[in-house]
>>> print(open('work.txt').read())   # compact mmCIF, C-alpha atoms and all ligand atoms
# COMPACT_ATOMS: atom_id res chain seq x y z
CA MET A 1 -17.76 126.42 208.79
CA LEU A 2 -14.82 126.35 211.23
CA LYS A 3 -16.34 128.70 213.79
CA ARG A 4 -14.62 127.32 216.88
CA PHE A 5 -11.14 126.92 215.37
CA PRO A 6 -11.29 129.46 212.55
CA PRO A 7 -8.59 130.40 210.03
CA LYS A 8 -6.37 133.29 211.03
CA PHE A 9 -7.19 135.05 207.76
CA ALA A 10 -10.23 136.15 205.78
CA THR A 11 -8.74 136.62 202.32
CA PRO A 12 -5.77 135.23 200.37
CA ALA A 13 -4.00 138.58 200.83
CA GLU A 14 -4.43 138.34 204.59
CA LEU A 15 -3.04 134.80 204.50
CA ALA A 16 0.00 136.04 202.57
CA ASP A 17 0.58 138.79 205.17
CA HIS A 18 0.18 136.31 207.97
CA GLN A 19 2.67 133.93 206.34
CA LEU A 20 5.23 136.67 205.74
CA SER A 21 5.12 137.90 209.33
CA GLY A 22 5.33 134.29 210.54
CA LEU A 23 8.30 133.64 208.28
CA GLN A 24 10.06 136.76 209.55
CA TRP A 25 9.36 135.75 213.16
CA THR A 26 10.65 132.21 212.54
CA VAL A 27 13.92 133.29 210.91
CA ARG A 28 14.56 135.81 213.69
CA HIS A 29 13.67 133.28 216.39
CA ALA A 30 15.89 130.59 214.85
CA TRP A 31 18.77 133.04 214.33
CA ASP A 32 18.63 134.22 217.94
CA ASN A 33 18.07 130.86 219.64
CA SER A 34 19.43 127.98 217.59
CA PRO A 35 23.16 127.52 216.89
CA PHE A 36 22.28 125.08 214.13
CA TYR A 37 20.08 127.57 212.27
CA ARG A 38 22.44 130.46 212.98
CA ASN A 39 25.25 128.55 211.25
CA ALA A 40 23.05 127.48 208.35
CA LEU A 41 21.73 131.00 207.77
CA GLU A 42 25.18 132.54 207.98
CA ALA A 43 26.53 129.95 205.55
CA ALA A 44 23.73 130.87 203.15
CA GLY A 45 24.48 134.58 203.63
CA VAL A 46 20.99 135.41 204.89
CA THR A 47 20.11 137.45 207.99
CA PRO A 48 16.65 137.99 209.51
CA GLU A 49 16.59 141.54 208.10
CA ASP A 50 16.83 140.13 204.57
CA ILE A 51 13.36 138.56 204.73
CA THR A 52 11.12 141.27 203.32
CA SER A 53 8.82 139.35 200.98
CA MET A 54 7.63 135.80 200.41
CA ASP A 55 10.11 135.53 197.53
CA ASP A 56 12.88 135.62 200.12
CA LEU A 57 11.78 132.15 201.24
CA ARG A 58 13.81 130.85 198.29
CA ARG A 59 16.99 132.34 199.73
CA LEU A 60 16.74 130.29 202.91
CA PRO A 61 18.79 127.12 203.31
CA PHE A 62 17.11 123.70 203.46
CA THR A 63 16.91 121.56 206.57
CA THR A 64 17.09 117.78 206.19
CA ASN A 65 16.73 114.65 208.25
CA GLN A 66 20.54 114.32 208.07
CA ASP A 67 20.71 117.58 210.01
CA LEU A 68 18.48 116.04 212.68
CA ALA A 69 20.74 112.98 212.84
CA ALA A 70 23.96 115.03 212.93
CA GLY A 71 22.71 117.19 215.79
CA TYR A 72 21.03 114.36 217.70
CA PRO A 73 19.24 114.57 220.04
CA PHE A 74 18.27 118.27 220.21
CA ALA A 75 19.34 119.35 216.74
CA LEU A 76 16.69 121.98 216.00
CA ARG A 77 16.08 123.15 219.57
CA ALA A 78 15.45 126.89 219.67
CA ALA A 79 14.10 127.41 223.19
CA PRO A 80 15.76 127.00 226.61
CA PHE A 81 15.26 123.62 228.28
CA SER A 82 13.25 125.37 231.00
CA ASP A 83 10.63 126.12 228.34
CA ILE A 84 10.59 122.64 226.75
CA VAL A 85 7.71 120.67 228.23
CA ARG A 86 7.71 117.56 226.04
CA VAL A 87 9.62 115.68 223.37
CA HIS A 88 8.35 113.31 220.73
CA ALA A 89 10.43 111.04 218.54
CA SER A 90 9.99 109.20 215.29
CA SER A 91 12.20 106.71 213.56
CA GLY A 92 14.97 108.22 211.48
CA THR A 93 16.50 106.84 208.32
CA THR A 94 19.99 106.50 209.77
CA GLY A 95 19.10 104.50 212.88
CA LYS A 96 18.94 107.42 215.29
CA ARG A 97 15.45 108.59 216.13
CA LYS A 98 14.40 112.10 215.26
CA VAL A 99 13.74 113.96 218.52
CA LEU A 100 11.60 117.09 218.45
CA CYS A 101 11.10 119.58 221.31
CA TYR A 102 7.80 121.26 222.18
CA THR A 103 7.05 124.32 224.31
CA GLN A 104 3.63 124.67 225.91
CA LYS A 105 2.67 127.10 223.14
CA ASP A 106 3.65 124.50 220.52
CA LEU A 107 1.40 121.93 222.19
CA ASP A 108 -1.45 124.45 222.40
CA ASP A 109 -1.06 125.33 218.72
CA TRP A 110 -0.95 121.66 217.76
CA GLN A 111 -4.14 120.95 219.72
CA THR A 112 -5.87 123.89 218.10
CA MET A 113 -4.88 122.67 214.63
CA PHE A 114 -5.99 119.14 215.40
CA ALA A 115 -9.27 120.28 216.99
CA ARG A 116 -9.90 122.13 213.74
CA CYS A 117 -9.65 118.74 211.99
CA TYR A 118 -12.41 117.37 214.20
CA GLU A 119 -14.48 120.46 213.44
CA LEU A 120 -13.94 120.13 209.68
CA ALA A 121 -14.94 116.46 209.92
CA GLY A 122 -18.25 117.59 211.40
CA LEU A 123 -17.84 116.17 214.89
CA THR A 124 -19.81 117.53 217.85
CA ARG A 125 -19.29 117.30 221.61
CA GLU A 126 -21.66 114.33 221.57
CA ASP A 127 -19.20 112.25 219.55
CA ARG A 128 -17.24 109.40 221.09
CA VAL A 129 -13.81 109.08 219.55
CA GLN A 130 -12.12 105.69 219.80
CA ILE A 131 -8.40 106.14 219.31
CA ALA A 132 -6.71 103.01 217.95
CA VAL A 133 -3.25 104.38 217.20
CA GLY A 134 0.05 104.22 219.10
CA TYR A 135 0.86 106.05 222.32
CA GLY A 136 4.27 106.81 223.79
CA LEU A 137 7.04 108.57 221.92
CA TRP A 138 4.83 108.74 218.86
CA THR A 139 2.77 111.84 218.23
CA ALA A 140 -0.24 109.82 217.10
CA GLY A 141 -2.20 108.67 220.17
CA ILE A 142 -1.66 111.69 222.39
CA GLY A 143 -2.28 114.02 219.44
CA PHE A 144 -5.68 112.49 218.71
CA GLN A 145 -6.58 112.38 222.38
CA LEU A 146 -5.65 115.85 223.66
CA ALA A 147 -7.25 117.51 220.64
CA CYS A 148 -10.40 115.44 221.17
CA GLU A 149 -10.57 116.64 224.76
CA LYS A 150 -9.92 120.25 223.73
CA PHE A 151 -12.66 119.91 221.13
CA GLY A 152 -14.95 118.55 223.80
CA ALA A 153 -15.83 115.13 222.41
CA MET A 154 -15.31 111.97 224.48
CA ALA A 155 -11.97 110.22 223.97
CA VAL A 156 -11.80 106.42 224.20
CA PRO A 157 -8.03 105.84 224.21
CA VAL A 158 -7.76 102.14 223.40
CA GLY A 159 -4.39 102.31 221.62
CA PRO A 160 -3.35 100.24 218.64
CA GLY A 161 -4.16 96.66 217.72
CA ASN A 162 -6.29 94.09 219.48
CA LEU A 163 -9.35 93.79 217.30
CA GLU A 164 -11.35 91.99 219.96
CA ILE A 165 -11.02 94.84 222.45
CA GLN A 166 -11.64 97.42 219.73
CA ILE A 167 -14.88 95.75 218.66
CA GLY A 168 -15.95 95.26 222.28
CA PHE A 169 -15.59 98.99 222.99
CA LEU A 170 -17.22 99.96 219.71
CA GLN A 171 -20.24 97.90 220.81
CA ASP A 172 -20.34 98.70 224.53
CA LEU A 173 -19.47 102.41 224.37
CA GLN A 174 -21.16 103.01 221.01
CA SER A 175 -18.16 104.97 219.71
CA THR A 176 -19.09 107.14 216.73
CA VAL A 177 -15.61 107.95 215.40
CA PHE A 178 -12.70 105.54 214.92
CA CYS A 179 -9.11 106.78 214.50
CA CYS A 180 -6.67 104.31 212.98
CA THR A 181 -4.26 103.51 210.15
CA ALA A 182 -5.77 102.46 206.84
CA SER A 183 -4.52 98.88 207.35
CA MET A 184 -6.19 98.73 210.77
CA GLY A 185 -9.42 100.12 209.33
CA LEU A 186 -9.44 97.37 206.72
CA LEU A 187 -8.74 94.64 209.31
CA LEU A 188 -11.50 95.97 211.55
CA ALA A 189 -13.98 96.10 208.67
CA GLU A 190 -13.23 92.53 207.62
CA GLU A 191 -13.47 91.24 211.20
CA VAL A 192 -16.76 93.04 211.86
CA HIS A 193 -18.07 91.53 208.64
CA ARG A 194 -16.85 88.05 209.58
CA LEU A 195 -18.52 88.27 212.97
CA GLY A 196 -21.68 89.76 211.48
CA VAL A 197 -21.85 92.50 214.14
CA LYS A 198 -22.16 95.62 211.96
CA ASN A 199 -25.67 96.37 213.24
CA SER A 200 -24.49 96.47 216.84
CA LEU A 201 -22.12 99.38 216.08
CA ASN A 202 -22.82 103.09 215.95
CA LEU A 203 -19.81 104.18 213.88
CA LYS A 204 -20.30 107.24 211.68
CA LYS A 205 -16.80 108.34 210.73
CA ILE A 206 -13.28 107.05 210.39
CA ILE A 207 -10.22 109.29 210.61
CA MET A 208 -7.17 107.58 209.15
CA GLY A 209 -3.57 108.59 209.21
CA ALA A 210 -0.06 107.51 208.42
CA GLU A 211 -0.62 105.47 205.31
CA ARG A 212 -1.91 105.60 201.75
CA SER A 213 -5.33 104.08 201.20
CA SER A 214 -7.02 102.96 198.02
CA SER A 215 -10.63 103.43 196.93
CA ALA A 216 -11.15 99.67 197.30
CA MET A 217 -10.07 99.82 200.95
CA LEU A 218 -12.39 102.74 201.59
CA GLY A 219 -15.23 100.88 199.86
CA ILE A 220 -14.82 97.89 202.17
CA MET A 221 -14.84 100.13 205.26
CA HIS A 222 -17.97 101.94 204.11
CA GLU A 223 -19.77 98.69 203.38
CA PHE A 224 -18.70 96.50 206.30
CA LEU A 225 -18.72 99.15 209.03
CA GLY A 226 -21.63 101.24 207.78
CA VAL A 227 -19.61 104.46 208.17
CA GLU A 228 -20.71 107.52 206.24
CA GLU A 229 -17.46 109.44 206.05
CA ILE A 230 -13.78 108.54 205.98
CA TYR A 231 -11.16 111.25 206.44
CA ASP A 232 -7.44 111.23 205.76
CA ILE A 233 -5.26 113.06 208.30
CA PRO A 234 -1.64 113.81 207.38
CA GLY A 235 0.99 113.92 210.05
CA LEU A 236 4.71 114.36 210.45
CA THR A 237 6.41 114.52 213.85
CA GLU A 238 8.70 117.29 212.61
CA VAL A 239 5.60 119.42 211.85
CA TYR A 240 4.02 118.96 215.31
CA GLY A 241 2.43 115.56 214.46
CA PRO A 242 -0.88 114.49 212.92
CA GLY A 243 -3.62 117.08 212.56
CA THR A 244 -1.95 119.69 210.36
CA GLY A 245 -4.68 119.26 207.75
CA LEU A 246 -7.58 117.02 206.78
CA SER A 247 -9.31 115.70 203.71
CA CYS A 248 -12.89 116.96 203.40
CA SER A 249 -16.22 115.33 202.67
CA HIS A 250 -15.81 116.20 198.99
CA ASP A 251 -12.77 113.94 198.79
CA ASN A 252 -10.85 116.64 197.02
CA GLY A 253 -7.40 116.26 198.51
CA ILE A 254 -6.29 117.55 201.91
CA HIS A 255 -6.94 121.04 203.25
CA TYR A 256 -3.81 122.10 205.08
CA TRP A 257 -3.49 124.69 207.84
CA ALA A 258 -1.54 127.34 205.96
CA ASP A 259 -1.85 129.75 208.88
CA TYR A 260 0.60 127.54 210.81
CA TYR A 261 3.08 126.58 208.11
CA ILE A 262 4.16 127.27 204.55
CA LEU A 263 4.14 124.28 202.22
CA GLU A 264 6.36 124.28 199.15
CA VAL A 265 6.25 121.44 196.60
CA LEU A 266 9.65 121.19 194.93
CA ASN A 267 11.37 119.01 192.40
CA PRO A 268 13.51 116.77 194.68
CA GLU A 269 16.50 116.98 192.35
CA THR A 270 16.55 120.64 191.28
CA LEU A 271 14.81 121.96 194.43
CA VAL A 272 12.79 124.46 192.42
CA PRO A 273 8.98 124.55 192.62
CA VAL A 274 7.24 122.11 190.28
CA ALA A 275 4.58 123.36 187.90
CA PRO A 276 1.07 123.51 189.41
CA GLY A 277 -0.43 120.03 189.60
CA GLU A 278 2.91 118.24 189.23
CA VAL A 279 4.27 115.86 191.84
CA GLY A 280 7.12 117.05 194.03
CA GLU A 281 8.59 116.90 197.52
CA MET A 282 6.77 118.58 200.40
CA VAL A 283 8.99 121.19 202.10
CA TYR A 284 7.78 122.81 205.32
CA THR A 285 8.46 126.13 206.98
CA THR A 286 6.65 126.73 210.26
CA LEU A 287 5.28 130.13 211.20
CA ARG A 288 5.08 130.07 215.02
CA LYS A 289 6.85 126.94 216.23
CA GLU A 290 9.14 127.71 219.18
CA GLY A 291 10.75 124.49 220.44
CA ALA A 292 11.91 123.15 217.08
CA PRO A 293 11.06 125.55 214.26
CA LEU A 294 11.35 124.31 210.70
CA ILE A 295 12.96 126.30 207.94
CA ARG A 296 12.46 124.67 204.54
CA TYR A 297 12.44 121.19 206.04
CA ARG A 298 12.60 118.51 203.33
CA SER A 299 10.08 115.86 204.34
CA ARG A 300 10.75 113.45 201.43
CA ASP A 301 6.98 113.01 201.10
CA LEU A 302 5.63 113.43 197.60
CA THR A 303 2.39 115.11 196.63
CA ARG A 304 1.01 117.79 194.34
CA LEU A 305 -0.68 121.09 195.15
CA LEU A 306 -4.30 121.28 194.02
CA GLU A 307 -5.54 124.51 192.54
CA GLY A 308 -8.91 126.21 192.77
CA GLU A 309 -11.52 126.38 195.47
CA CYS A 310 -13.07 123.32 197.04
CA PRO A 311 -16.88 123.05 196.82
CA CYS A 312 -16.97 122.25 200.56
CA GLY A 313 -16.34 125.95 201.25
CA CYS A 314 -13.27 125.41 203.42
CA PRO A 315 -10.97 128.38 202.69
CA PHE A 316 -7.71 126.50 203.24
CA PRO A 317 -5.50 125.51 200.30
CA ARG A 318 -5.19 121.84 199.37
CA HIS A 319 -2.60 119.25 198.51
CA ASP A 320 -3.23 115.77 197.16
CA ARG A 321 -2.88 112.67 199.28
CA ILE A 322 0.69 111.61 200.01
CA LEU A 323 1.74 109.69 196.92
CA GLY A 324 4.90 108.16 198.33
CA ARG A 325 8.31 109.18 199.53
CA SER A 326 11.16 110.37 197.38
CA ASP A 327 13.31 107.76 199.22
CA ASP A 328 10.94 105.09 197.94
CA VAL A 329 11.35 105.98 194.31
CA ILE A 330 12.20 102.82 192.44
CA ILE A 331 14.17 102.85 189.23
CA PHE A 332 12.75 100.19 186.97
CA ARG A 333 14.00 99.85 183.40
CA GLY A 334 15.31 103.40 183.62
CA VAL A 335 11.96 104.85 184.70
CA ASN A 336 11.33 106.50 188.11
CA ILE A 337 8.35 104.88 189.78
CA TYR A 338 6.88 105.74 193.15
CA PRO A 339 4.60 103.24 194.88
CA GLY A 340 1.62 105.62 195.11
CA GLN A 341 1.34 105.53 191.32
CA VAL A 342 0.39 101.86 191.45
CA ASP A 343 -2.37 102.70 193.96
CA GLU A 344 -3.62 105.38 191.61
CA VAL A 345 -3.85 102.95 188.70
CA LEU A 346 -5.49 100.12 190.66
CA THR A 347 -8.00 102.42 192.31
CA ARG A 348 -9.66 103.08 188.97
CA ILE A 349 -10.06 99.43 187.96
CA PRO A 350 -13.35 97.63 188.71
CA GLY A 351 -13.48 94.05 189.93
CA ILE A 352 -10.42 94.08 192.23
CA GLY A 353 -10.03 94.25 196.00
CA SER A 354 -7.88 96.56 198.07
CA GLU A 355 -4.83 94.34 198.45
CA TYR A 356 -1.96 93.89 196.03
CA GLN A 357 1.75 93.17 195.93
CA VAL A 358 4.38 94.28 193.48
CA VAL A 359 7.49 92.14 192.99
CA LEU A 360 10.43 93.39 190.96
CA ASP A 361 12.83 90.68 189.89
CA HIS A 362 15.74 90.13 187.57
CA GLY A 363 15.06 87.64 184.75
CA GLU A 364 17.53 85.14 183.33
CA ASP A 365 17.62 87.18 180.16
CA GLY A 366 19.17 90.04 182.17
CA ARG A 367 16.04 92.18 182.07
CA ASP A 368 13.96 93.43 185.00
CA TYR A 369 10.42 92.19 185.40
CA MET A 370 7.45 93.49 187.37
CA LEU A 371 4.84 91.09 188.68
CA ILE A 372 1.71 92.58 190.23
CA THR A 373 -0.43 90.21 192.28
CA VAL A 374 -3.90 91.57 192.85
CA GLU A 375 -6.87 90.30 194.84
CA ARG A 376 -10.22 90.04 193.10
CA SER A 377 -13.00 91.93 194.85
CA ARG A 378 -15.47 89.95 196.90
CA ASN A 379 -18.29 90.15 194.38
CA GLY A 380 -16.33 91.11 191.33
CA GLU A 381 -17.40 88.26 189.06
CA ALA A 382 -19.19 90.63 186.68
CA VAL A 383 -15.80 91.50 185.23
CA SER A 384 -13.82 88.58 183.81
CA ASP A 385 -10.25 87.82 184.86
CA GLY A 386 -9.11 88.57 181.34
CA GLN A 387 -10.70 92.02 181.36
CA VAL A 388 -9.22 92.86 184.77
CA ILE A 389 -5.70 91.80 183.73
CA LYS A 390 -5.93 93.75 180.51
CA ALA A 391 -7.10 96.88 182.36
CA ILE A 392 -4.25 96.68 184.88
CA VAL A 393 -1.55 96.06 182.25
CA SER A 394 -2.71 98.97 180.11
CA GLY A 395 -3.20 101.26 183.13
CA ILE A 396 0.34 100.58 184.35
CA LYS A 397 1.73 101.07 180.85
CA ARG A 398 -0.09 104.38 180.45
CA THR A 399 0.79 105.81 183.89
CA LEU A 400 4.21 104.33 184.66
CA LEU A 401 5.37 103.78 181.08
CA VAL A 402 6.51 100.23 181.89
CA SER A 403 5.25 96.71 181.14
CA CYS A 404 4.13 94.31 183.84
CA THR A 405 2.72 90.83 184.36
CA VAL A 406 -0.47 90.51 186.38
CA GLU A 407 -1.60 87.60 188.52
CA LEU A 408 -5.07 87.53 190.09
CA VAL A 409 -5.76 85.78 193.39
CA ASP A 410 -8.95 85.24 195.39
CA TYR A 411 -10.27 87.84 197.80
CA GLY A 412 -8.63 87.48 201.23
CA THR A 413 -5.50 85.69 199.96
CA LEU A 414 -2.86 88.38 200.53
CA PRO A 415 -1.59 89.20 204.04
CA ARG A 416 -3.17 91.94 206.14
CA SER A 417 -1.49 93.80 208.99
CA GLU A 418 -2.46 96.24 211.71
CA LYS A 419 0.36 98.59 210.82
CA LYS A 420 1.57 99.72 207.46
CA THR A 421 1.20 96.94 204.94
CA LYS A 422 4.29 96.21 202.85
CA ARG A 423 3.32 95.98 199.20
CA PHE A 424 6.56 96.47 197.27
CA PHE A 425 9.25 93.78 197.13
CA ASP A 426 12.40 94.51 195.18
CA ARG A 427 14.28 91.24 194.63
CA ARG A 428 16.66 92.45 191.99
CA ARG A 429 20.39 92.11 192.52
CA PHE A 430 22.45 95.11 191.59
ZN ZN A 501 -12.98 120.65 200.78
>>> encode(input="work.txt", output="structure tokens")
Amino acid sequence: MLKRFPPKFATPAELADHQLSGLQWTVRHAWDNSPFYRNALEAAGVTPEDITSMDDLRRLPFTTNQDLAAGYPFALRAAPFSDIVRVHASSGTTGKRKVLCYTQKDLDDWQTMFARCYELAGLTREDRVQIAVGYGLWTAGIGFQLACEKFGAMAVPVGPGNLEIQIGFLQDLQSTVFCCTASMGLLLAEEVHRLGVKNSLNLKKIIMGAERSSSAMLGIMHEFLGVEEIYDIPGLTEVYGPGTGLSCSHDNGIHYWADYYILEVLNPETLVPVAPGEVGEMVYTTLRKEGAPLIRYRSRDLTRLLEGECPCGCPFPRHDRILGRSDDVIIFRGVNIYPGQVDEVLTRIPGIGSEYQVVLDHGEDGRDYMLITVERSRNGEAVSDGQVIKAIVSGIKRTLLVSCTVELVDYGTLPRSEKKTKRFFDRRRF
């Protein structure tokens, strides 16, 4: 396993050594080359010489997206412009985009990490990889493509959207791998089913990024497209872009490339590590990133670390799928709810489809109400409406500790989109 793009360690102790030397290099590099980090480290009273063990990670100051906004556009730059060969940008929360700088080494490292994803997903040089994600300032399209070429498979860079062209190329070029968002994968599956052209395709695998997906969505893609494997690829522009880890065929969370970055999972309020298995915010520290190194960068993404070894044999540690963003946490009747929890509940309930909407509203009695509208599955008649509603209400009560009303609608009723599908609507007035 992973012979072409192997881990840079053989044992957990070697990984720890590798991470410590990478941490020391990063703090020194940031101190020497970035006024922003120099100020932040001095304010925290830490110098590069102070980093002597992994415990010293906790002494380092956090970096946030506000820091990126305040120092726009080159906030985290830690290499001379003559060494910066590319920038990428993603949307920021305050209106300004987040701009990240890359040296050639950063791009090479990113491609190596991403090529490792293709290797873990079992691709060969014979595969044909149709890339249906965005190009341009985004890291998505070019990330998928350059790594595909480095890996040695054939890239089919179609770009996002346009189902007709996608299906045409899937048929004519016999693409074996499709890279997309979960929403796009669902749209494609439903369109292929509607046209009745599944047997003209040669798709084996889907690699999906950028969005949560439910078991029902995955089920539809397996059935309508005939794919054998569906992989989840995490990605954050600040941490190179997509390809910094991959789910495996055992569907056991996401293996992440711990030889390129340190991942902490912290309580977003207290900023101390959560207990193993508990949900917290993902905080990144890169080990060899030159153009825009990250020191304890708060991503706002929520997940949990998964313990133990994965039966697939991949030696990399794992985190769960992204369960939401700490910015998205909704306070409902005094309880903190994050949208991914609703996915988790619905995923376990038979007889429903992939699509749902949650509406929070303020009742005339002054109380808040939650209405969940859920699609029935296509052939879900074996379970009665009453049973489905009861299962959802009790699942939500057990997991979120709140009450809800459930409305069932026919399969195909709720809107689909090619990008991220909006599922939460908060109509309360504060
Ligand atoms: Zn695994």
>>> residues_near_ligand(input="work.txt", ligand="ligand ZN 501 (chain A)", cutoff="10 Å", atoms="only C-alpha atoms and all ligand atoms", output="list in words")
Leu120, Leu246, Ser247, Cys248, Ser249, His250, Asp251, Asn252, Gly253, Ile254, His255, Glu309, Cys310, Pro311, Cys312, Gly313, Cys314, Pro315, Phe316, Pro317 and Arg318 of chain A
>>> residues_around(input="work.txt", residues="stretch 72-85 of chain A", least_positions_apart="6", cutoff="9 Å", atoms="all atoms listed in the file", output="ChimeraX atom specification")
/A:29-37,96-104,107,290-294
>>> residues_around(input="work.txt", residues="A:Ser377", least_positions_apart="2", cutoff="7 Å", atoms="only C-alpha atoms", output="list in words")
Gly351, Ile352, Gly353, Glu375, Asn379, Gly380 and Tyr411 of chain A
>>> closest_residue(input="work.txt", among="A:Ala44, A:Phe425, A:Pro242, A:Thr399", to="A:Leu371", atoms="all atoms listed in the file")
A:Phe425
>>> atom_distance(input="work.txt", atom1="atom CA of A:Arg194", atom2="atom CA of A:Leu163")
12.2 Å
>>> atom_distance(input="work.txt", atom1="atom CA of A:Leu323", atom2="atom CA of A:Arg378")
26.2 Å
>>> atom_distance(input="work.txt", atom1="atom CA of A:Ala121", atom2="atom CA of A:Thr139")
20.1 Å
